[in-house]
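Structure, as structure tokens:
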Amino acid sequence: MEIVIHTHHANVSDYMRKRAARAVERVAARVPRIVEGILRFEEDGPTRRVTVTLRAPRHHDLMAKAEGRFFGPALTAAITKLQMQAGREKRSNGKGNPRRLAARARQRA
């Protein structure tokens with residue numbers, strides 16, 4: 001998996017870059033077929049914004065955005081949001097609930 005880090009008017013330390021890359025790898029391991037992780041750090045006055053996007057071919061992208069006074073808490077919030085999306089993505093593998101699918105099949109018959 002390729003991880004791309006963009007900084008927009010922001011000074012991001014090497015430690016923060018490594019921390020962000022490790023967090024993206026952890027989340028990407030939960031979702032099949034992730035090929036790219038894009039991290040964007042933005043600084044606008046006192047506000048720091050982190051956007052994390054995970055891309056998979058032929059699937060919708062997972063994206064989370066958070067902001068705060070510092071990059072650390074903003075990154076933590078964005079990764080938490082992404083983990084929740086990854087959990088939903090993993091559970092909804094396109095098959096659905098077997099009981100619900102059986103009930104639908106009975107209704108159609």
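Residue numbers start at 1 in each chain; chains themselves are named A, B, ... in the order of the structure tokens; ligands are numbered from 1 in the order shown.
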>> DSSP on the backbone: which residues in chain A end up as helix (DSSP H, G or I)? Give the answer as number ranges by chain.
In response: A: 14-28, 71-91, 98-108
> Which residues, written as number ranges by chain, have at least one atom at most 10 Å from stretch 79-90 of chain A, with only C-alpha atoms counted and residues fewer than 5 positions away on the same chain left out?
Replying inline: A: 20, 23-24, 26-32, 50-54, 60, 62-66, 73-74
If you keep N, CA and C atoms, can you produce a file of those selected residues as a compact mmCIF listing (two decimals), in the first residue's frame?
# COMPACT_ATOMS: atom_id res chain seq x y z
N ALA A 20 1.25 9.08 11.67
CA ALA A 20 0.12 9.07 10.75
C ALA A 20 0.19 7.86 9.81
N ALA A 23 -0.79 4.71 11.68
CA ALA A 23 -2.23 4.68 11.94
C ALA A 23 -3.01 4.29 10.69
N VAL A 24 -2.60 4.83 9.55
CA VAL A 24 -3.28 4.50 8.29
C VAL A 24 -3.07 3.03 7.94
N ARG A 26 -2.65 0.59 10.05
CA ARG A 26 -3.48 -0.19 10.97
C ARG A 26 -4.93 -0.24 10.50
N VAL A 27 -5.46 0.91 10.08
CA VAL A 27 -6.85 0.95 9.63
C VAL A 27 -7.00 0.21 8.30
N ALA A 28 -6.05 0.38 7.41
CA ALA A 28 -6.13 -0.25 6.09
C ALA A 28 -6.08 -1.77 6.19
N ALA A 29 -5.46 -2.29 7.22
CA ALA A 29 -5.40 -3.74 7.40
C ALA A 29 -6.77 -4.33 7.70
N ARG A 30 -7.70 -3.51 8.16
CA ARG A 30 -9.04 -3.98 8.50
C ARG A 30 -9.96 -4.05 7.28
N VAL A 31 -9.61 -3.36 6.21
CA VAL A 31 -10.46 -3.29 5.03
C VAL A 31 -9.73 -3.96 3.86
N PRO A 32 -10.38 -4.88 3.18
CA PRO A 32 -9.70 -5.54 2.06
C PRO A 32 -9.51 -4.62 0.86
N VAL A 50 -6.76 17.69 9.57
CA VAL A 50 -6.20 16.46 9.02
C VAL A 50 -7.31 15.74 8.26
N THR A 51 -7.01 15.38 7.02
CA THR A 51 -7.93 14.62 6.19
C THR A 51 -7.24 13.32 5.80
N VAL A 52 -7.92 12.20 6.02
CA VAL A 52 -7.37 10.89 5.68
C VAL A 52 -8.31 10.22 4.70
N THR A 53 -7.77 9.74 3.58
CA THR A 53 -8.56 9.07 2.56
C THR A 53 -7.92 7.71 2.27
N LEU A 54 -8.74 6.66 2.27
CA LEU A 54 -8.28 5.33 1.87
C LEU A 54 -8.98 4.97 0.57
N HIS A 60 -16.10 2.47 -2.97
CA HIS A 60 -16.09 3.88 -2.60
C HIS A 60 -14.94 4.12 -1.62
N LEU A 62 -12.94 5.60 1.59
CA LEU A 62 -13.23 5.94 2.98
C LEU A 62 -12.51 7.25 3.26
N MET A 63 -13.22 8.22 3.82
CA MET A 63 -12.60 9.51 4.08
C MET A 63 -13.05 10.04 5.44
N ALA A 64 -12.10 10.59 6.18
CA ALA A 64 -12.42 11.19 7.47
C ALA A 64 -11.64 12.49 7.59
N LYS A 65 -12.28 13.46 8.21
CA LYS A 65 -11.67 14.79 8.39
C LYS A 65 -11.89 15.22 9.82
N ALA A 66 -10.85 15.81 10.41
CA ALA A 66 -10.97 16.33 11.77
C ALA A 66 -10.08 17.56 11.90
N PRO A 73 -4.14 15.65 18.20
CA PRO A 73 -5.54 15.34 18.47
C PRO A 73 -6.40 15.29 17.20
N ALA A 74 -6.09 16.12 16.21
CA ALA A 74 -6.85 16.09 14.96
C ALA A 74 -6.63 14.76 14.24
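Among the candidates A:His6, A:Arg69, A:Arg108, A:Arg55, the one nearest to A:Gly37 when counting only C-alpha atoms is A:Arg55.
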> How would you write, as a PyMOL selection string, the set of residues in chain A that DSSP gives as strand (DSSP E)?
Replying inline: chain A and resi 2-8+36-44+47-55+62-68
>> Show me, as a ChimeraX atom specification, the residues that have an atom within 12 Å of A:Glu43 when counting only C-alpha atoms, minus same-chain residues fewer than 3 positions from it.
In response: /A:6-12,40,46-51,67-71,74
> What gap, in Å, lies between atom CA of A:Arg19 and atom CA of A:Ala56?
Replying inline: 21.9 Å
> What is the distance, in Å and to one decimal place, between atom CA of A:Glu36 and atom CA of A:His59?
Replying inline: 12.4 Å
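Relative to atom CA of A:Asp44, atom CA of A:Glu2 is found at 27.0 Å.
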